[in-house]
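One structure is given here, and the rest of the page talks about it.
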Amino acid sequence: DWFAKLLFQVKGSVIPRSLCFAIPAACMAVVLVYVEQVFQGYAEASGINDVGSSQTYAATTGVIAIMLGFRAKQALGRFWEGTSLLHQMRGEWFDSVSCLVTFTRGAMDTKPEAVREFRHTLVRLMSLCHGSALEEIKDNESEYFEVIDITGLDEEVLEYIDECKTEHGFNRVEVVLHMIQVLITKNLDDGVLKIAPPILSRVYQTLSRGLVNLLNATKIKNTKFPFPYAQLMASLLVLHTLWTPFMVTAYVKTAWMAGLISFLPVFGMFCVNFTSIELEMPFGNDEND
């Protein structure tokens with residue numbers, strides 16, 4: 001059951017797009033076979049047989065295969081790196097909040113209201129920070145992310161965050177992260193955080209590492225795969241699609257076999273190319289992100 005679902009699932013598949021190029025190549029090969037049968041000597045007179053007997057097609061196909069392999073390797077690397085960076089960012093920031101909540105246990109008996117206010121503010125700010133981080137790297141501009149009870153923050157705080165973004169052009173994640181660090185330092189001075197400063201410094205480090213992971217993820221989003229390389233690949237694949245039927249029919253004189261042999265390499269190469277395109281941008285909302 002799972003195997004059949006894997007083979008025939010259309011959502012997220014690159015097969016339909018690849019068929020749009022492979023089927024015309026197969027049909028073209030079938031037509032060429034029938035043209036050769038109707039017009040005897042057509043292939044020899046047009047020079048198709050001479051080209052087919054050379055190594056030009058094999059060399060060209062080999063170059064395209066190498067280029068496809070390189071692009072697929074780079075795309076898979078971008079995909080796994082992007083996924084890893086997002087999980088590391090979330091892990092670093094979750095660990096920071098978890099440690100800070102734990103560090104306030106010593107002040108629960110003497111300053112319960114201050115501890116409660118610190119915890120609620122910290123969780124809301126960190127949720128806003130994480131949501132803003134995801135918004136930075138999203139590929140779909142209409143996508144929005146939920147945060148934990150943003151109305152629980154003061155109006156002054158929300159206005160300040162909005163003003164920094166809209167009027168001054170500051171990065172919202174950096175602004176909120178700075179506010180979290182100020183909040184931590186203030187509550188350390190007020191005695192809400194009952195922990196030695198050297199141990200607390202670990203929290204600042206995890207907050208910083210989370211931001212570094214976000215910046216690396218943003219690098220993947222903003223740095224597209226080189227356009228000249230992608231354009232060259234597309235051009236070579238189209239030429240390969242047009243050339244393959246001529247090369248196949250120079251050797252294969254059976255219509256259905258010529259169509260099948262023309263179909264397979266074109267279909268495989270376009271599948272690899274479209275798969276690479278899907279993996280190059282891991283921060284979207286389709287089936288492969």
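In the structure tokens, chains take the letters A, B, ... in the order shown, each chain's residues start at 1, and ligands count up from 1 in the order shown.
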I'd like the neighbourhood of A:Thr60 as a PDB file with N, CA, C and O atoms, in the first residue's frame, where a residue qualifies if any of its atoms comes within 10 Å (using only C-alpha atoms), though same-chain residues fewer than 4 positions away should be ignored.
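Final file, result-v8.pdb:
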ATOM      1  N   GLN A  55      30.448   9.978 -31.547  1.00  0.00           N
ATOM      2  CA  GLN A  55      30.390   9.991 -30.086  1.00  0.00           C
ATOM      3  C   GLN A  55      29.874  11.326 -29.550  1.00  0.00           C
ATOM      4  O   GLN A  55      29.945  11.572 -28.348  1.00  0.00           O
ATOM      5  N   THR A  56      29.378  12.162 -30.434  1.00  0.00           N
ATOM      6  CA  THR A  56      28.928  13.494 -30.007  1.00  0.00           C
ATOM      7  C   THR A  56      27.787  13.412 -29.007  1.00  0.00           C
ATOM      8  O   THR A  56      27.791  14.094 -27.976  1.00  0.00           O
ATOM      9  N   ILE A  64      25.946  16.680 -19.590  1.00  0.00           N
ATOM     10  CA  ILE A  64      24.691  17.075 -18.935  1.00  0.00           C
ATOM     11  C   ILE A  64      24.490  16.277 -17.652  1.00  0.00           C
ATOM     12  O   ILE A  64      24.055  16.822 -16.623  1.00  0.00           O
ATOM     13  N   ALA A  65      24.811  15.001 -17.677  1.00  0.00           N
ATOM     14  CA  ALA A  65      24.655  14.161 -16.484  1.00  0.00           C
ATOM     15  C   ALA A  65      25.554  14.640 -15.345  1.00  0.00           C
ATOM     16  O   ALA A  65      25.137  14.679 -14.177  1.00  0.00           O
ATOM     17  N   LEU A 236      20.481  23.173 -22.199  1.00  0.00           N
ATOM     18  CA  LEU A 236      21.034  21.880 -22.604  1.00  0.00           C
ATOM     19  C   LEU A 236      19.999  20.772 -22.550  1.00  0.00           C
ATOM     20  O   LEU A 236      19.971  19.881 -23.410  1.00  0.00           O
ATOM     21  N   HIS A 240      18.831  18.563 -25.595  1.00  0.00           N
ATOM     22  CA  HIS A 240      18.934  17.108 -25.458  1.00  0.00           C
ATOM     23  C   HIS A 240      17.596  16.437 -25.783  1.00  0.00           C
ATOM     24  O   HIS A 240      17.553  15.358 -26.404  1.00  0.00           O
TER      25      HIS A 240
END
Any chance you could list, as a PyMOL selection string, the residues in stretch 60-206 of chain A that come up alpha helix (DSSP H) when DSSP is run on the backbone?
chain A and resi 60-103+112-137+155-166+172-189+197-206
Near-A:His120 list (10 Å; only C-alpha atoms; drop same-chain fewer than 4 positions) as a PyMOL selection string:
chain A and resi 101+115-116+124-125+148-149+152-153
Create the file for the chosen residues now, containing C-alpha atoms and written as a compact mmCIF listing (two decimals), in the first residue's frame.
# COMPACT_ATOMS: atom_id res chain seq x y z
CA VAL A 101 12.59 29.65 33.93
CA VAL A 115 8.95 35.80 38.91
CA ARG A 116 5.56 35.33 37.28
CA ARG A 124 5.90 35.95 24.92
CA LEU A 125 9.00 37.78 23.71
CA ILE A 148 1.89 33.06 22.13
CA ASP A 149 -0.55 35.74 23.38
CA GLY A 152 -0.06 40.00 26.98
CA LEU A 153 2.78 42.41 26.26
Can you pull out every residue within 8 Å of A:Thr241, counting only C-alpha atoms, but drop anything in the same chain fewer than 4 positions away, and send it as an NGL selection string?
:A and (21-22 or 25 or 237 or 245 or 266)
Would you mind exporting N, CA, C and O atoms of the selected residues as a PDB file, in the first residue's frame?
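What landed in part-v7.pdb:
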ATOM      1  N   PHE A  21       7.999  16.894 -21.044  1.00  0.00           N
ATOM      2  CA  PHE A  21       9.134  16.930 -21.964  1.00  0.00           C
ATOM      3  C   PHE A  21       9.442  15.543 -22.524  1.00  0.00           C
ATOM      4  O   PHE A  21       9.874  15.420 -23.678  1.00  0.00           O
ATOM      5  N   ALA A  22       9.238  14.514 -21.709  1.00  0.00           N
ATOM      6  CA  ALA A  22       9.594  13.163 -22.139  1.00  0.00           C
ATOM      7  C   ALA A  22       8.605  12.617 -23.169  1.00  0.00           C
ATOM      8  O   ALA A  22       9.013  11.953 -24.131  1.00  0.00           O
ATOM      9  N   ALA A  25       9.221  13.938 -26.682  1.00  0.00           N
ATOM     10  CA  ALA A  25      10.420  13.317 -27.246  1.00  0.00           C
ATOM     11  C   ALA A  25      10.102  11.925 -27.776  1.00  0.00           C
ATOM     12  O   ALA A  25      10.570  11.530 -28.861  1.00  0.00           O
ATOM     13  N   LEU A 237      19.123  20.837 -21.555  1.00  0.00           N
ATOM     14  CA  LEU A 237      18.090  19.810 -21.441  1.00  0.00           C
ATOM     15  C   LEU A 237      17.088  19.896 -22.596  1.00  0.00           C
ATOM     16  O   LEU A 237      16.640  18.869 -23.121  1.00  0.00           O
ATOM     17  N   PRO A 245      15.574  11.981 -29.990  1.00  0.00           N
ATOM     18  CA  PRO A 245      14.831  11.169 -30.967  1.00  0.00           C
ATOM     19  C   PRO A 245      15.602  10.911 -32.264  1.00  0.00           C
ATOM     20  O   PRO A 245      15.520   9.811 -32.828  1.00  0.00           O
ATOM     21  N   VAL A 266      15.331  11.293 -21.342  1.00  0.00           N
ATOM     22  CA  VAL A 266      14.763  12.635 -21.195  1.00  0.00           C
ATOM     23  C   VAL A 266      13.974  12.728 -19.894  1.00  0.00           C
ATOM     24  O   VAL A 266      14.104  13.697 -19.123  1.00  0.00           O
TER      25      VAL A 266
END
Residues near stretch 214-231 of chain A, cut-off 8 Å, only C-alpha atoms, skip fewer than 6 positions along chain, as a ChimeraX atom specification
/A:78,81-82,85-86,89,133,136-137,139,280-281,283
List every residue of stretch 6-96 of chain A that has an atom at most 12 Å from any atom of stretch 202-205 of chain A, giving for each one its closest atom pair and the distance in Å to one decimal, counting only C-alpha atoms, sorted by chain and then by ascending residue number, as CSV.
residue,atom,partner,partner_atom,distance
A:Glu92,CA,A:Val203,CA,9.0
A:Trp93,CA,A:Val203,CA,8.9
A:Phe94,CA,A:Val203,CA,10.4
A:Asp95,CA,A:Val203,CA,8.0
A:Ser96,CA,A:Val203,CA,5.2
Find, counting only C-alpha atoms, the residue in A:Ser208, A:Glu156, A:Phe170, A:Arg119 that gets nearest to A:Ile184.
A:Arg119
Looking at A:Ala58, A:Leu207, A:Leu183, A:Leu279, which one is nearest to A:Gly12, with distances taken over only C-alpha atoms?
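Counting only C-alpha atoms, the residue closest to A:Gly12 is A:Leu279.
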Quick one, how far is atom CA of A:His87 from atom CA of A:Val173?
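It comes out at 16.7 Å.
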Give me, please, the distance in Å between atom CA of A:Thr104 and atom CA of A:Leu193, quoted to one decimal.
4.8 Å
Just give me the gap between atom CA of A:Thr61 and atom CA of A:Cys27 in Å, one decimal is fine.
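Pair atom CA of A:Thr61 / atom CA of A:Cys27 returns 20.1 Å.
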Selection: 12 Å around stretch 157-165 of chain A, only C-alpha atoms, excl. self and same-chain fewer than 4 positions, as a PyMOL selection string:
chain A and resi 121+124-125+128-129+132+150-153+169-180
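Checking A:Ala75, A:Val252, A:Val30, A:Ala114 one by one against A:Val192, counting only C-alpha atoms, you find the shortest gap at A:Ala114.
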